[in-house]
$ cat coords_18.txt   # compact mmCIF, N, CA and C atoms
# COMPACT_ATOMS: atom_id res chain seq x y z
N MET G 11 0.82 -1.19 0.00
CA MET G 11 0.00 0.00 0.00
C MET G 11 0.86 1.25 0.00
N GLY G 12 0.58 2.18 -0.89
CA GLY G 12 1.35 3.42 -0.96
C GLY G 12 0.78 4.48 -0.04
N VAL G 13 1.62 5.40 0.32
CA VAL G 13 1.20 6.51 1.16
C VAL G 13 0.77 7.65 0.24
N THR G 14 -0.40 8.21 0.48
CA THR G 14 -0.91 9.31 -0.33
C THR G 14 -0.53 10.63 0.33
N THR G 15 0.07 11.51 -0.46
CA THR G 15 0.44 12.83 0.04
C THR G 15 -0.74 13.78 -0.16
N GLN G 16 -1.05 14.55 0.85
CA GLN G 16 -2.11 15.55 0.75
C GLN G 16 -1.57 16.76 0.01
N LEU G 17 -2.10 17.03 -1.16
CA LEU G 17 -1.67 18.18 -1.94
C LEU G 17 -2.31 19.44 -1.40
N ILE G 18 -1.64 20.57 -1.58
CA ILE G 18 -2.15 21.84 -1.06
C ILE G 18 -2.55 22.76 -2.21
N SER G 19 -3.38 23.71 -1.89
CA SER G 19 -3.86 24.68 -2.87
C SER G 19 -2.82 25.78 -3.10
N VAL G 20 -3.05 26.55 -4.15
CA VAL G 20 -2.21 27.71 -4.43
C VAL G 20 -2.28 28.69 -3.26
N ALA G 21 -3.47 28.88 -2.71
CA ALA G 21 -3.64 29.81 -1.58
C ALA G 21 -2.81 29.37 -0.38
N LYS G 22 -2.82 28.08 -0.08
CA LYS G 22 -2.05 27.56 1.05
C LYS G 22 -0.55 27.68 0.78
N ALA G 23 -0.13 27.40 -0.45
CA ALA G 23 1.28 27.53 -0.81
C ALA G 23 1.73 28.98 -0.68
N ALA G 24 0.86 29.91 -1.06
CA ALA G 24 1.18 31.33 -0.94
C ALA G 24 1.31 31.72 0.53
N GLU G 25 0.40 31.22 1.35
CA GLU G 25 0.44 31.51 2.79
C GLU G 25 1.74 30.99 3.42
N ILE G 26 2.13 29.78 3.06
CA ILE G 26 3.34 29.17 3.62
C ILE G 26 4.60 29.90 3.14
N SER G 27 4.63 30.23 1.86
CA SER G 27 5.85 30.77 1.25
C SER G 27 6.04 32.27 1.41
N GLY G 28 4.93 32.99 1.56
CA GLY G 28 5.03 34.45 1.59
C GLY G 28 4.91 35.09 0.22
N TYR G 29 4.86 34.27 -0.84
CA TYR G 29 4.61 34.78 -2.19
C TYR G 29 3.11 34.98 -2.38
N SER G 30 2.74 35.80 -3.34
CA SER G 30 1.32 35.98 -3.65
C SER G 30 0.80 34.75 -4.40
N GLU G 31 -0.52 34.58 -4.42
CA GLU G 31 -1.12 33.49 -5.17
C GLU G 31 -0.77 33.62 -6.65
N TRP G 32 -0.79 34.84 -7.16
CA TRP G 32 -0.47 35.08 -8.57
C TRP G 32 0.95 34.58 -8.87
N THR G 33 1.89 34.88 -7.99
CA THR G 33 3.28 34.47 -8.20
C THR G 33 3.42 32.96 -8.13
N ILE G 34 2.73 32.32 -7.20
CA ILE G 34 2.77 30.85 -7.11
C ILE G 34 2.24 30.24 -8.40
N ARG G 35 1.11 30.75 -8.92
CA ARG G 35 0.57 30.25 -10.18
C ARG G 35 1.57 30.45 -11.33
N LYS G 36 2.24 31.60 -11.33
CA LYS G 36 3.23 31.90 -12.37
C LYS G 36 4.38 30.88 -12.29
N PHE G 37 4.89 30.62 -11.08
CA PHE G 37 5.96 29.64 -10.91
C PHE G 37 5.51 28.26 -11.43
N CYS G 38 4.26 27.90 -11.16
CA CYS G 38 3.74 26.61 -11.63
C CYS G 38 3.65 26.58 -13.16
N ARG G 39 3.13 27.65 -13.75
CA ARG G 39 3.03 27.73 -15.22
C ARG G 39 4.39 27.63 -15.88
N GLN G 40 5.39 28.25 -15.27
CA GLN G 40 6.74 28.27 -15.83
C GLN G 40 7.49 26.97 -15.56
N GLY G 41 6.94 26.10 -14.72
CA GLY G 41 7.59 24.84 -14.40
C GLY G 41 8.66 24.98 -13.33
N ILE G 42 8.76 26.16 -12.73
CA ILE G 42 9.74 26.39 -11.67
C ILE G 42 9.32 25.66 -10.39
N LEU G 43 8.02 25.62 -10.15
CA LEU G 43 7.45 24.94 -9.00
C LEU G 43 6.56 23.81 -9.52
N PRO G 44 6.94 22.55 -9.27
CA PRO G 44 6.13 21.43 -9.76
C PRO G 44 4.71 21.49 -9.18
N SER G 45 3.74 21.16 -10.02
CA SER G 45 2.35 21.17 -9.57
C SER G 45 1.57 20.11 -10.34
N ARG G 46 0.38 19.87 -9.86
CA ARG G 46 -0.53 18.92 -10.50
C ARG G 46 -1.86 19.61 -10.70
N LYS G 47 -2.60 19.14 -11.67
CA LYS G 47 -3.93 19.70 -11.91
C LYS G 47 -4.98 18.68 -11.51
N ARG G 48 -6.04 19.18 -10.89
CA ARG G 48 -7.16 18.32 -10.52
C ARG G 48 -7.93 17.96 -11.77
N LEU G 49 -8.71 16.92 -11.68
CA LEU G 49 -9.52 16.50 -12.81
C LEU G 49 -10.55 17.57 -13.16
N PRO G 50 -10.86 17.72 -14.43
CA PRO G 50 -11.89 18.69 -14.84
C PRO G 50 -13.20 18.40 -14.13
N GLY G 51 -13.88 19.44 -13.72
CA GLY G 51 -15.15 19.29 -13.03
C GLY G 51 -15.02 19.11 -11.53
N ALA G 52 -13.80 18.95 -11.03
CA ALA G 52 -13.60 18.77 -9.59
C ALA G 52 -13.93 20.05 -8.84
N SER G 53 -13.76 21.17 -9.50
CA SER G 53 -14.10 22.46 -8.90
C SER G 53 -14.54 23.39 -10.01
N LYS G 54 -15.59 24.12 -9.77
CA LYS G 54 -16.11 25.04 -10.78
C LYS G 54 -15.33 26.35 -10.79
N ALA G 55 -14.64 26.66 -9.72
CA ALA G 55 -13.93 27.94 -9.62
C ALA G 55 -12.65 27.92 -10.43
N LYS G 56 -12.40 29.02 -11.13
CA LYS G 56 -11.18 29.15 -11.93
C LYS G 56 -9.97 29.18 -10.99
N ASN G 57 -8.88 28.59 -11.42
CA ASN G 57 -7.60 28.55 -10.70
C ASN G 57 -7.63 27.67 -9.45
N HIS G 58 -8.69 26.92 -9.25
CA HIS G 58 -8.73 26.03 -8.09
C HIS G 58 -8.32 24.62 -8.49
N HIS G 59 -7.81 24.46 -9.70
CA HIS G 59 -7.44 23.14 -10.17
C HIS G 59 -5.96 22.84 -9.95
N ILE G 60 -5.17 23.81 -9.56
CA ILE G 60 -3.74 23.60 -9.34
C ILE G 60 -3.51 23.14 -7.91
N ARG G 61 -2.77 22.05 -7.76
CA ARG G 61 -2.42 21.54 -6.43
C ARG G 61 -0.91 21.31 -6.39
N ILE G 62 -0.34 21.50 -5.23
CA ILE G 62 1.11 21.43 -5.05
C ILE G 62 1.43 20.46 -3.93
N ASP G 63 2.42 19.62 -4.18
CA ASP G 63 2.90 18.70 -3.15
C ASP G 63 3.73 19.52 -2.15
N PRO G 64 3.43 19.43 -0.86
CA PRO G 64 4.19 20.20 0.13
C PRO G 64 5.70 19.94 0.07
N LYS G 65 6.10 18.72 -0.30
CA LYS G 65 7.54 18.42 -0.44
C LYS G 65 8.16 19.23 -1.57
N ASP G 66 7.42 19.37 -2.68
CA ASP G 66 7.91 20.17 -3.80
C ASP G 66 8.04 21.63 -3.40
N LEU G 67 7.07 22.12 -2.63
CA LEU G 67 7.13 23.51 -2.17
C LEU G 67 8.33 23.70 -1.25
N ASP G 68 8.54 22.76 -0.35
CA ASP G 68 9.68 22.85 0.57
C ASP G 68 11.00 22.86 -0.20
N ASN G 69 11.14 21.96 -1.18
CA ASN G 69 12.36 21.93 -2.00
C ASN G 69 12.54 23.24 -2.76
N PHE G 70 11.47 23.76 -3.31
CA PHE G 70 11.51 25.03 -4.04
C PHE G 70 11.99 26.16 -3.12
N LEU G 71 11.42 26.23 -1.93
CA LEU G 71 11.79 27.30 -0.99
C LEU G 71 13.24 27.17 -0.53
N ARG G 72 13.71 25.95 -0.35
CA ARG G 72 15.12 25.74 0.02
C ARG G 72 16.05 26.23 -1.08
N LYS G 73 15.70 25.94 -2.33
CA LYS G 73 16.51 26.40 -3.46
C LYS G 73 16.51 27.92 -3.55
N GLN G 74 15.35 28.54 -3.30
CA GLN G 74 15.25 30.00 -3.34
C GLN G 74 16.11 30.63 -2.25
N ALA G 75 16.18 29.97 -1.09
CA ALA G 75 16.94 30.52 0.03
C ALA G 75 18.45 30.48 -0.24
N THR G 76 18.89 29.52 -1.04
CA THR G 76 20.32 29.40 -1.32
C THR G 76 20.73 30.10 -2.61
N ALA G 77 19.76 30.61 -3.35
CA ALA G 77 20.07 31.28 -4.63
C ALA G 77 20.58 32.69 -4.40
$ encode --input "coords_18.txt" --output "structure tokens"
Amino acid sequence: MGVTTQLISVAKAAEISGYSEWTIRKFCRQGILPSRKRLPGASKAKNHHIRIDPKDLDNFLRKQATA
């Protein structure tokens, strides 16, 4: 049995990182911050389909701190 990681929203990633939601979405679009998209229809709200693995966010923030 595999362990399932709870993915976080753009809003939560922004709260944790201190970046704006817009900037987090930009990083995801550019491939700088790995992200996943929810299945179509999972949420009717625009921009609520992007989810981020907390481990990826942590790795991203560590790289930013050393850059």
$ atom_distance --input "coords_18.txt" --atom1 "CA of His59 in chain G" --atom2 "CA of Ser27 in chain G"
19.1 Å
$ residues_around --input "coords_18.txt" --residues "Ile34 in chain G" --least-positions-apart "4" --cutoff "6.5 Å" --atoms "all atoms listed in the file" --output "PyMOL selection string"
chain G and resi 20+24+29-30+38-39
$ select_by_dssp --input "coords_18.txt" --residues "chain G" --states "strand (DSSP E)" --output "PyMOL selection string"
chain G and resi 18-19+46-47+60-62
$ atom_distance --input "coords_18.txt" --atom1 "CA of Thr15 in chain G" --atom2 "atom N of Asp63 in chain G"
8.2 Å
$ residues_near_point --input "coords_18.txt" --point "(-3.3, 20.6, -15.6)" --cutoff "7 Å" --atoms "all atoms listed in the file" --output "list in words"
Arg46, Lys47, Arg48, His59 and Ile60 of chain G
$ atom_distance --input "coords_18.txt" --atom1 "CA of Asn69 in chain G" --atom2 "CA of Ile42 in chain G"
11.0 Å
$ axis_aligned_box --input "coords_18.txt" --around "range 25-38 of chain G" --padding-each-side "5 Å" --output "JSON"
{"center_x": 2.5, "center_y": 31.3, "center_z": -4.8, "size_x": 17.2, "size_y": 19.4, "size_z": 26.8}
$ select_by_dssp --input "coords_18.txt" --residues "chain G" --states "alpha helix (DSSP H)" --output "PyMOL selection string"
chain G and resi 20-27+31-40+64-76
$ closest_residue --input "coords_18.txt" --among "G:Arg35, G:Gln16, G:Ser45, G:Ala21" --to "Arg61 in chain G" --atoms "all atoms listed in the file"
G:Ser45
$ closest_residue --input "coords_18.txt" --among "G:Leu43, G:Trp32, G:Phe37, G:Ile62" --to "Ser19 in chain G" --atoms "all atoms listed in the file"
G:Ile62
